[in-house]
8 protein chains.
Amino acid sequence: MKQKILKLLEDVYQNNISPEDALEEFKFLPFQNIIHTKIDTHRSIRTELPEVIFGKNKSFEEIRSIIENFLKKDEQVLVTKLQKYKAEKIKKIYNSAKYYPKSKVLIINEKEKNLIGDVAVISAGTSDISVAEEAYLTLKFFGSKSEIISDVGIAGLHRLLEYKDSIYRANIIVAVAGMEGALPSVIAGIFGKPIVAVPTSVGYGTNFNGVTPLLSMLNSCAPGIAVVNIDNGFGAGVYAHLINIAICRN
Amino acid sequence: MKQKILKLLEDVYQNNISPEDALEEFKFLPFQNIIHTKIDTHRSIRTELPEVIFGKNKSFEEIRSIIENFLKKDEQVLVTKLQKYKAEKIKKIYNSAKYYPKSKVLIINEKEKNLIGDVAVISAGTSDISVAEEAYLTLKFFGSKSEIISDVGIAGLHRLLEYKDSIYRANIIVAVAGMEGALPSVIAGIFGKPIVAVPTSVGYGTNFNGVTPLLSMLNSCAPGIAVVNIDNGFGAGVYAHLINIAICRN
Amino acid sequence: MKQKILKLLEDVYQNNISPEDALEEFKFLPFQNIIHTKIDTHRSIRTELPEVIFGKNKSFEEIRSIIENFLKKDEQVLVTKLQKYKAEKIKKIYNSAKYYPKSKVLIINEKEKNLIGDVAVISAGTSDISVAEEAYLTLKFFGSKSEIISDVGIAGLHRLLEYKDSIYRANIIVAVAGMEGALPSVIAGIFGKPIVAVPTSVGYGTNFNGVTPLLSMLNSCAPGIAVVNIDNGFGAGVYAHLINIAICRN
Amino acid sequence: MKQKILKLLEDVYQNNISPEDALEEFKFLPFQNIIHTKIDTHRSIRTELPEVIFGKNKSFEEIRSIIENFLKKDEQVLVTKLQKYKAEKIKKIYNSAKYYPKSKVLIINEKEKNLIGDVAVISAGTSDISVAEEAYLTLKFFGSKSEIISDVGIAGLHRLLEYKDSIYRANIIVAVAGMEGALPSVIAGIFGKPIVAVPTSVGYGTNFNGVTPLLSMLNSCAPGIAVVNIDNGFGAGVYAHLINIAICRN
Amino acid sequence: MKQKILKLLEDVYQNNISPEDALEEFKFLPFQNIIHTKIDTHRSIRTELPEVIFGKNKSFEEIRSIIENFLKKDEQVLVTKLQKYKAEKIKKIYNSAKYYPKSKVLIINEKEKNLIGDVAVISAGTSDISVAEEAYLTLKFFGSKSEIISDVGIAGLHRLLEYKDSIYRANIIVAVAGMEGALPSVIAGIFGKPIVAVPTSVGYGTNFNGVTPLLSMLNSCAPGIAVVNIDNGFGAGVYAHLINIAICRN
Amino acid sequence: MKQKILKLLEDVYQNNISPEDALEEFKFLPFQNIIHTKIDTHRSIRTELPEVIFGKNKSFEEIRSIIENFLKKDEQVLVTKLQKYKAEKIKKIYNSAKYYPKSKVLIINEKEKNLIGDVAVISAGTSDISVAEEAYLTLKFFGSKSEIISDVGIAGLHRLLEYKDSIYRANIIVAVAGMEGALPSVIAGIFGKPIVAVPTSVGYGTNFNGVTPLLSMLNSCAPGIAVVNIDNGFGAGVYAHLINIAICRN
Amino acid sequence: MKQKILKLLEDVYQNNISPEDALEEFKFLPFQNIIHTKIDTHRSIRTELPEVIFGKNKSFEEIRSIIENFLKKDEQVLVTKLQKYKAEKIKKIYNSAKYYPKSKVLIINEKEKNLIGDVAVISAGTSDISVAEEAYLTLKFFGSKSEIISDVGIAGLHRLLEYKDSIYRANIIVAVAGMEGALPSVIAGIFGKPIVAVPTSVGYGTNFNGVTPLLSMLNSCAPGIAVVNIDNGFGAGVYAHLINIAICRN
Amino acid sequence: MKQKILKLLEDVYQNNISPEDALEEFKFLPFQNIIHTKIDTHRSIRTELPEVIFGKNKSFEEIRSIIENFLKKDEQVLVTKLQKYKAEKIKKIYNSAKYYPKSKVLIINEKEKNLIGDVAVISAGTSDISVAEEAYLTLKFFGSKSEIISDVGIAGLHRLLEYKDSIYRANIIVAVAGMEGALPSVIAGIFGKPIVAVPTSVGYGTNFNGVTPLLSMLNSCAPGIAVVNIDNGFGAGVYAHLINIAICRN
């Protein structure tokens, strides 16, 4: 885009084109401008951000075609919420594809990175680990160092202490919980660190597929908690990554 | 009722009335039967249970007339959720009436009781104390000894310990919390005692007037929690009372 | 933990370690302290409480590995909400495993117990019996004597009377109902006993998978009702067990 | 309308107008046709149905002007859900206006009627009586004989029996209840009569202004219950009236 | 029961048993009393009411065993909401069983009846016919004459007229509609007859499985509409039957 | 109908029938009148509107029979939301049937049309394209020219510009979006054109199957947005078609 | 903006500034570009669009200051949802201000316009007229000719016909309804014209402040209905205006 | 606490107390331990964190008494969501109290701070500014430098650019929006920075007091958004502060 505008300005400068005609050319550039300006401004960050596909509602054919485009440019690809049967088909095409059945994450062409910073991904119960893994894989894929601390529910609070060093060391915490979703409140109360809370759909009855932990997290008395969508391990991972690198780079 | 049936049977025995005619008399007794059988069976409990009026949706006139009937029989009266302006009018009529503006409880003709057992009423925040007081006054009114432990939220957990003796000594715990409602989960996790949890409407936004703590309590990972309606300090008090006296009387 | 602290204190006493260094050691003990204090305090109860696994959202592999750990310590294991196909796989590994398909409960290594106290588990309709069975098996597993009284809906109230002795004898009642969930209200109205009410997801349309009976139970006019999560037979069983043994032990 | 069509046909018959031109005239009559056909068909009923105004969202000016039009035709007028301050203003204008503050019903120019049939209006608690009164006044206004039986909640079931004769005699029952709304279920279970159930907004917390009794009534196990909108005493009254006169007239 | 009480009274009359001992015998009869009194009182109705099983949440085994009990007493049996695979199994056992796959109704041992009265069952769209059929089969099974008028949606209002005679002749109307549920409003507006409205779960998106037509029907401006649960064709059938026979018998 | 009325009027004109008897004939014509009047009035539009079947809740048999009736009259048929297995069966019967698996639309006997006007169908993400295709096929089927512009989410706004000519040229825009549903707001903010917004059920967690984008669209700050039901590509297509032809025809 | 860019290009053309430096100037213009491009493109429309303020959540001071700015530029101002007490204060300052208490609309400095096109604003009940008036005033303010047709509920359908000419003549219809919101379905069924439906919060109980008519409208079987937010007469007015002028201008 | 433990250990070291007796002393220290350990660990942060009171549900008396305690220790006090009438009373007692009526924040005894870092608080509309101000005052009170950028809705996106430098410079962004809540999505799409999104209750109808923007924000396609409770400007302020100082301090 920059090149395109510069070229145009040079044409004007050399009087190859009149200002009025040049104006016509400019008329519909604004959007590209914005987009590309953004890319320029954030180039340093963007170069690390590999491509991501939300796999759940896309057909195998759609996903395959998007992947192909990315791989042509030798990009790394992360597919989230990808059902197993689609993943199997994709793995048959791309040998390098790695699928994580618990978190339903598929990664292709992942490149060696120098992981930086420190993020603690803490999950309340065994069943929440799938979402925690999604956050963890996202962080790693984007270049942030992180660690999963699992099974730290109301009945396993002592495990928080076993990992106290990891937690105190972390720049930011991702806390994953279903059921009544009290884990982030308790961590915030004890450690006083900013937390990205992820409600999960683990539970039954009035859990309402994660609405209860979501509400619980939004209403926490303990300050320092912000929340992402139910089961959104990916979103929490990206958010924690952005904070983590901001702290590292300063 | 018993007298009425016995009298009828004696009339049959003395052939004052035929079996067929007596049958007619029996035809519609069943309901009274049930009610009175119940009173007989539970007499020991019932004698302690003074009369209760749910004041919220009743007019001053309705409440005054119900109170008058009870006082004629020299009964003690508890009115719950009574707005201040109605309470003031009632206090002008009955000098012995005592009104608690925080919990909106009004009590008339309360009698000296030998309070028994031990119930701990724990509330999360200053704003929850109104509901805790309703539970406390109900317990006292029905004859159970209890103690209020307040301001024990996620940010005041250390206060739980200051009162550890009261809590360990309690036969049952009433835990009152608004916001995200995590208090009962934490108490259940630490003390392992049965808890009657009362969600309160304290909070804002997605608290939804107490729905969030209600859901949170219903979904607790920690076993030993049962829940009553939002702001239902009275119901929690009665429930705790029933458990408390069952334990004491055994 | 106690041993660990005592050992440390003795080292200080014998001047093997300075108070300052000992302080460092103490710095992060608090949580273990809490947890272990709790275990000490409640030892008598805890020894009866066998291990419980919430089976629904866990994979077969996860469940098998947790069971294995428990069995190594010769503990009894209760798995709730376990889908049939996982149960079949587990039964092939552990011969002693017993699976109850109605309530989806699996029990391994259950030990002979001297069942104490008395709990009545009452269910409204044939379809609610799966949840009632979960409560019953939980009570038995934890050591409480209980009895299931089934098919006592609005249209079968006369059956309540056939079992009147069981109900009057019970220390606490578990009442299980779907549809409009009126059963606990009616029992509370007639028997005046504390009830742990369990709404079930039996129904259709505006039953909303159990939300209607849940709301109905929370709003009952009859005092003496506290509620657990929809279909939470296990939670009701544990709650009733805690009350039951508290009454027995007094 | 009939006259208008007949006139037109006669004009055709006498060849004052051609069939083609008459067709044009017919083109847009259908709606009037429908409306007037309906009035003709149901004349016997309609003559009893006085005019009704839903007062809640209308301004004093709007209501006054509608009333005026009705009174010009010497019709009887029923205004429902009319706030007190508007009622007072209207009473100053129309001396014959009678206002019932509990049910917020205002009636003007009511005429002496020969009340027929038999409807029982049963309400669960003192606070539900306002809605019961709305149903009762509607029935009376439309010409059905009815009786209010109040305070028959779960804790006052014995009162049902005191009024057993009224209930057995009734052609249809209107059952009004807030809280958990179990009353219609219980009545249907005992008396086996068709019931028009009216949930009321009496309650608090998870009563959700009447949603809980509404859901409870819709999900009743007992057959013979149909439901109207929350607090819709008027609707229940009209419905019961239509059934009542259908039974009487047969 | 009557016999039992009469026998007891005769024993008292003949002094075979003392009044005091007889009293003991009476102590727990109340419930049976109620139930049997009810049956006596309503004998005329009850003899027509065959047995009904809600099939949805029951296992094949449970259903088979209930059917067996009924057939022993030569009763007719209606099973509602019965999934096809269970129905097929039952048909293999009972040759007389007839299954209606659209409405998921199974009927066994239905007896020839003299159908009385007149009920119109009107459905809005082709997809609502399954619920309409459930109402129709219920009415027929209980002894009411009825007729299905289908496909009368907003786009098929002219069909209402084709069936105007059936509709005017009907004692009561069952109106079945999904989508926005406007049908009952329109019928009530045109015919002025009492309607039992049945919302169906036909639709998608914000239809919310029938909640939208349910709300629409509850809020109708047109008087004379009462509502049953979503998809509850059976409940509407029973309700219409009770009204229909009340009108016929008068 | 017109013929029928005209014939009747001519009979009156020729005195073959008396006005009174003719009146009887007219008595129940009103509904047919309305319907047919409507068809007459809108004939020009109606001739383009082929027949449409909502396929989701209908059985294969029902759909086949409706299609057969339409084809007899040589009409074009559009079936929406048709599951694949039903479509396959139908394609075996009607060779000309064309099925679009993404949008689940089936079209039979579509006729060559002169597409008029201009509608832009814009979709936010790859997964929303199924609903966009339903709108597109509907527009084409009814005779409106349209174009799909896809993958224009928050992260692909620059694509809006690539298609700026199509958008400025369009008479009306159909905007399809799931997730948070911000697309219509952004388009309305930039282009200032009237938009028919279609929320889709694409998303997870608190997307609530499309409720979130629906609410988002209804609350847009940008004027010029009206909304149809979730996933209702067909409804949006018809709406846009009606506007489009109104503009073209003026 | 155009001038600014042109000036810059001319400077480049005359070599007053180098292409590289000009590029810097362009870097952050994109947004202004977009906004102003839009204004240019739509100039003809924009000149008619006076300024609008959403008054509900703004303080008197905020509103006054915004108005002042607009009046300096001699613009016309429309304030919606403005509470009466704020309106009175504003009228004291601006003599030309006109306030419509029913619709809570305030208009200042309205200019004489040549109203074009034809829009029918139809409302279901007397109480819905406030929202209809908001739509009507908005249409007039923006320059569209429109007419209000009120009191056309289910019970007043014959009035639709009295206004048939207005309705057939209209380019688009705004249909306003509370309660069950069936009006747009009925109009769409009869007239086959595109409708902008506005649900109102008129009603009580399960009307849920307009959610019921909203859902009803979204689920209409009749095609040709799109919906705006509850009580959003303004939004419907703008939408209808955009369609109306598009049709007029073609 | 540290002193207390050290003193105890020294006593053990000097054999003033036996290890066993010391153990008793330790038995119930854990909670204080945790709390104080936390304070120690975070001392650097905590010293800046003045005291905060949630004012909404507390009575004037409760607030006054809490303030008094804080002021005794010469602490700064922030009261949020404080109604005006309570604020006025408090200002009469404490001259230094400053009340911000828009955001309902009251601050007493605020001390001069060296504000660090950079936070951008962006609000969508004039009406959202109250919540933005709460966030801003919180940030300032806790020691973070911040700037409010207001009125940047969908219709004011160009203002984003005027403030582009502030936004690019910010360590983290607080984005405040009511209505459809699209602002955070748009900012995230353009600037790629982490955002703490605050939904506000500004809007009407289906805005549902802020639920719509909340859902919209949770479902954003643009990564880098985490959400706090509706209207929770305070929570957003604390969260942004924690991130901001973490970045500054690194």
# chains A, B, ... in the order shown; residues from 1 in each chain; ligands from 1
call {"tool": "select_by_dssp", "arguments": {"residues": "range 45-90 of chain B", "states": "alpha helix (DSSP H)", "output": "mmCIF file with N, CA, C and O atoms, in the first residue's frame"}}
result
data_model
loop_
_atom_site.group_PDB
_atom_site.id
_atom_site.type_symbol
_atom_site.label_atom_id
_atom_site.label_comp_id
_atom_site.auth_asym_id
_atom_site.auth_seq_id
_atom_site.Cartn_x
_atom_site.Cartn_y
_atom_site.Cartn_z
ATOM 1 N N ILE B 45 -42.598 -30.145 68.933
ATOM 2 C CA ILE B 45 -41.981 -29.106 68.113
ATOM 3 C C ILE B 45 -42.905 -27.914 67.966
ATOM 4 O O ILE B 45 -42.525 -26.778 68.190
ATOM 5 N N ARG B 46 -44.125 -28.191 67.600
ATOM 6 C CA ARG B 46 -45.060 -27.129 67.291
ATOM 7 C C ARG B 46 -45.220 -26.121 68.424
ATOM 8 O O ARG B 46 -45.387 -24.928 68.172
ATOM 9 N N PHE B 60 -51.191 -2.999 55.263
ATOM 10 C CA PHE B 60 -51.154 -2.772 56.707
ATOM 11 C C PHE B 60 -52.393 -3.369 57.355
ATOM 12 O O PHE B 60 -52.313 -4.035 58.385
ATOM 13 N N GLU B 61 -53.533 -3.160 56.744
ATOM 14 C CA GLU B 61 -54.780 -3.633 57.322
ATOM 15 C C GLU B 61 -54.785 -5.159 57.461
ATOM 16 O O GLU B 61 -55.193 -5.705 58.480
ATOM 17 N N GLU B 62 -54.320 -5.837 56.407
ATOM 18 C CA GLU B 62 -54.270 -7.306 56.433
ATOM 19 C C GLU B 62 -53.359 -7.805 57.550
ATOM 20 O O GLU B 62 -53.687 -8.735 58.288
ATOM 21 N N ILE B 63 -52.205 -7.186 57.657
ATOM 22 C CA ILE B 63 -51.250 -7.618 58.684
ATOM 23 C C ILE B 63 -51.810 -7.373 60.074
ATOM 24 O O ILE B 63 -51.748 -8.243 60.947
ATOM 25 N N ARG B 64 -52.352 -6.178 60.269
ATOM 26 C CA ARG B 64 -52.888 -5.840 61.598
ATOM 27 C C ARG B 64 -53.956 -6.845 62.019
ATOM 28 O O ARG B 64 -53.987 -7.296 63.154
ATOM 29 N N SER B 65 -54.795 -7.234 61.079
ATOM 30 C CA SER B 65 -55.895 -8.139 61.442
ATOM 31 C C SER B 65 -55.377 -9.543 61.769
ATOM 32 O O SER B 65 -55.877 -10.213 62.679
ATOM 33 N N ILE B 66 -54.350 -10.000 61.054
ATOM 34 C CA ILE B 66 -53.768 -11.313 61.370
ATOM 35 C C ILE B 66 -53.095 -11.273 62.738
ATOM 36 O O ILE B 66 -53.242 -12.184 63.557
ATOM 37 N N ILE B 67 -52.342 -10.199 62.992
ATOM 38 C CA ILE B 67 -51.663 -10.067 64.286
ATOM 39 C C ILE B 67 -52.681 -10.119 65.416
ATOM 40 O O ILE B 67 -52.506 -10.836 66.412
ATOM 41 N N GLU B 68 -53.753 -9.379 65.266
ATOM 42 C CA GLU B 68 -54.771 -9.305 66.315
ATOM 43 C C GLU B 68 -55.275 -10.695 66.693
ATOM 44 O O GLU B 68 -55.388 -11.027 67.868
ATOM 45 N N ASN B 69 -55.547 -11.509 65.650
ATOM 46 C CA ASN B 69 -56.011 -12.876 65.917
ATOM 47 C C ASN B 69 -54.997 -13.686 66.712
ATOM 48 O O ASN B 69 -55.347 -14.425 67.623
ATOM 49 N N PHE B 70 -53.725 -13.543 66.346
ATOM 50 C CA PHE B 70 -52.689 -14.297 67.044
ATOM 51 C C PHE B 70 -52.560 -13.834 68.491
ATOM 52 O O PHE B 70 -52.428 -14.647 69.413
ATOM 53 N N LEU B 71 -52.593 -12.532 68.681
ATOM 54 C CA LEU B 71 -52.400 -11.999 70.036
ATOM 55 C C LEU B 71 -53.551 -12.388 70.960
ATOM 56 O O LEU B 71 -53.347 -12.583 72.165
ATOM 57 N N LYS B 72 -54.719 -12.530 70.394
ATOM 58 C CA LYS B 72 -55.845 -13.000 71.212
ATOM 59 C C LYS B 72 -55.523 -14.326 71.871
ATOM 60 O O LYS B 72 -55.920 -14.609 72.986
ATOM 61 N N LYS B 84 -40.748 -0.469 56.294
ATOM 62 C CA LYS B 84 -40.647 0.397 57.466
ATOM 63 C C LYS B 84 -41.951 1.136 57.763
ATOM 64 O O LYS B 84 -42.378 1.211 58.916
ATOM 65 N N TYR B 85 -42.602 1.658 56.721
ATOM 66 C CA TYR B 85 -43.772 2.491 56.994
ATOM 67 C C TYR B 85 -44.927 1.688 57.590
ATOM 68 O O TYR B 85 -45.714 2.192 58.375
ATOM 69 N N LYS B 86 -45.002 0.400 57.215
ATOM 70 C CA LYS B 86 -46.028 -0.432 57.847
ATOM 71 C C LYS B 86 -45.633 -0.743 59.301
ATOM 72 O O LYS B 86 -46.467 -0.770 60.200
ATOM 73 N N ALA B 87 -44.337 -0.998 59.495
ATOM 74 C CA ALA B 87 -43.844 -1.335 60.825
ATOM 75 C C ALA B 87 -44.136 -0.199 61.808
ATOM 76 O O ALA B 87 -44.576 -0.423 62.939
ATOM 77 N N GLU B 88 -43.919 1.024 61.372
ATOM 78 C CA GLU B 88 -44.131 2.177 62.253
ATOM 79 C C GLU B 88 -45.594 2.241 62.711
ATOM 80 O O GLU B 88 -45.887 2.498 63.879
ATOM 81 N N LYS B 89 -46.487 1.997 61.755
ATOM 82 C CA LYS B 89 -47.913 2.015 62.089
ATOM 83 C C LYS B 89 -48.249 0.928 63.115
ATOM 84 O O LYS B 89 -49.054 1.141 64.023
ATOM 85 N N ILE B 90 -47.643 -0.236 62.935
ATOM 86 C CA ILE B 90 -47.940 -1.354 63.832
ATOM 87 C C ILE B 90 -47.366 -1.094 65.216
ATOM 88 O O ILE B 90 -47.987 -1.408 66.233
#
call {"tool": "select_by_dssp", "arguments": {"residues": "range 54-210 of chain C", "states": "strand (DSSP E or B)", "output": "number ranges by chain"}}
result
C: 54, 77-80, 98-100, 105-108, 116-123, 144-149, 172-177, 195-199
call {"tool": "residues_around", "arguments": {"residues": "range 216-221 of chain D", "least_positions_apart": "6", "cutoff": "6 Å", "atoms": "only C-alpha atoms", "output": "list in words"}}
result
Met179 and Glu180 of chain C; Ser185 of chain D; Val228 and Asn229 of chain E
call {"tool": "write_last_selection", "arguments": {"atoms": "N, CA and C atoms", "output": "mmCIF file, in the first residue's frame"}}
result
data_model
loop_
_atom_site.group_PDB
_atom_site.id
_atom_site.type_symbol
_atom_site.label_atom_id
_atom_site.label_comp_id
_atom_site.auth_asym_id
_atom_site.auth_seq_id
_atom_site.Cartn_x
_atom_site.Cartn_y
_atom_site.Cartn_z
ATOM 1 N N MET C 179 -40.943 -32.623 36.657
ATOM 2 C CA MET C 179 -42.211 -31.956 36.300
ATOM 3 C C MET C 179 -42.349 -30.604 37.009
ATOM 4 N N GLU C 180 -43.419 -30.404 37.821
ATOM 5 C CA GLU C 180 -43.578 -29.117 38.503
ATOM 6 C C GLU C 180 -42.939 -29.121 39.882
ATOM 7 N N SER D 185 -52.226 -27.772 41.143
ATOM 8 C CA SER D 185 -51.874 -29.194 41.116
ATOM 9 C C SER D 185 -52.603 -29.955 42.207
ATOM 10 N N VAL E 228 -51.601 -24.635 27.709
ATOM 11 C CA VAL E 228 -50.953 -25.771 28.370
ATOM 12 C C VAL E 228 -49.473 -25.795 27.957
ATOM 13 N N ASN E 229 -48.726 -26.712 28.511
ATOM 14 C CA ASN E 229 -47.279 -26.796 28.263
ATOM 15 C C ASN E 229 -46.966 -27.006 26.763
#
call {"tool": "residues_around", "arguments": {"residues": "range 93-109 of chain H", "least_positions_apart": "2", "cutoff": "8 Å", "atoms": "only C-alpha atoms", "output": "list in words"}}
result
Leu71, Asp74, Glu75, Gln76, Val77, Leu78, Val79, Thr80, Lys81, Leu82, Gln83, Lys84, Ala87, Lys89, Ile90, Lys91, Lys111, Ile129, Ser130, Val131, Ala132, Glu133, Glu134 and Leu137 of chain H
call {"tool": "atom_distance", "arguments": {"atom1": "CA of Ala236 in chain A", "atom2": "CA of Glu51 in chain H"}}
result
29.7 Å
call {"tool": "interface_residues", "arguments": {"of": "chain G", "to": "chain F", "cutoff": "8 Å", "atoms": "only C-alpha atoms", "output": "PyMOL selection string"}}
result
chain G and resi 34-35+38+42+171+190-194+196+218-219+223-229+235-236+238-239+242-243+246-248+250
call {"tool": "residues_around", "arguments": {"residues": "Ser201 in chain B", "least_positions_apart": "3", "cutoff": "8 Å", "atoms": "only C-alpha atoms", "output": "list in words"}}
result
Gly178, Met179, Asn207, Phe208, Asn209, Gly210, Val211, Ile230 and Asp231 of chain B; Gly205 of chain D
call {"tool": "write_last_selection", "arguments": {"atoms": "N, CA and C atoms", "output": "PDB file, in the first residue's frame"}}
result
ATOM      1  N   GLY B 178     -23.707 -12.565  48.700  1.00  0.00           N
ATOM      2  CA  GLY B 178     -24.162 -12.003  47.427  1.00  0.00           C
ATOM      3  C   GLY B 178     -23.030 -12.086  46.425  1.00  0.00           C
ATOM      4  N   MET B 179     -22.868 -11.075  45.586  1.00  0.00           N
ATOM      5  CA  MET B 179     -21.785 -11.023  44.599  1.00  0.00           C
ATOM      6  C   MET B 179     -21.635 -12.357  43.859  1.00  0.00           C
ATOM      7  N   ASN B 207     -25.039  -9.662  38.384  1.00  0.00           N
ATOM      8  CA  ASN B 207     -25.438 -10.343  39.611  1.00  0.00           C
ATOM      9  C   ASN B 207     -26.894 -10.764  39.476  1.00  0.00           C
ATOM     10  N   PHE B 208     -27.657 -10.015  38.665  1.00  0.00           N
ATOM     11  CA  PHE B 208     -29.069 -10.319  38.415  1.00  0.00           C
ATOM     12  C   PHE B 208     -29.852 -10.523  39.709  1.00  0.00           C
ATOM     13  N   ASN B 209     -29.674  -9.588  40.638  1.00  0.00           N
ATOM     14  CA  ASN B 209     -30.422  -9.619  41.907  1.00  0.00           C
ATOM     15  C   ASN B 209     -30.302 -10.937  42.649  1.00  0.00           C
ATOM     16  N   GLY B 210     -29.153 -11.543  42.607  1.00  0.00           N
ATOM     17  CA  GLY B 210     -28.930 -12.734  43.414  1.00  0.00           C
ATOM     18  C   GLY B 210     -28.917 -14.037  42.636  1.00  0.00           C
ATOM     19  N   VAL B 211     -29.226 -13.984  41.361  1.00  0.00           N
ATOM     20  CA  VAL B 211     -29.237 -15.227  40.583  1.00  0.00           C
ATOM     21  C   VAL B 211     -27.816 -15.805  40.484  1.00  0.00           C
ATOM     22  N   ILE B 230     -33.263 -16.756  47.161  1.00  0.00           N
ATOM     23  CA  ILE B 230     -32.529 -15.497  47.285  1.00  0.00           C
ATOM     24  C   ILE B 230     -33.118 -14.641  48.407  1.00  0.00           C
ATOM     25  N   ASP B 231     -32.244 -14.165  49.286  1.00  0.00           N
ATOM     26  CA  ASP B 231     -32.627 -13.281  50.407  1.00  0.00           C
ATOM     27  C   ASP B 231     -33.502 -13.972  51.438  1.00  0.00           C
TER      28      ASP B 231
ATOM     29  N   GLY D 205     -37.190 -12.920  45.085  1.00  0.00           N
ATOM     30  CA  GLY D 205     -36.048 -13.703  44.615  1.00  0.00           C
ATOM     31  C   GLY D 205     -36.382 -14.480  43.361  1.00  0.00           C
TER      32      GLY D 205
END
call {"tool": "residues_around", "arguments": {"residues": "Gln14 in chain G", "least_positions_apart": "4", "cutoff": "10 Å", "atoms": "only C-alpha atoms", "output": "list of chain:residue names"}}
result
A:Val12, A:Tyr13, A:Gln14, A:Asn15, A:Pro19, G:Leu8, G:Leu9, G:Glu10, G:Ser18
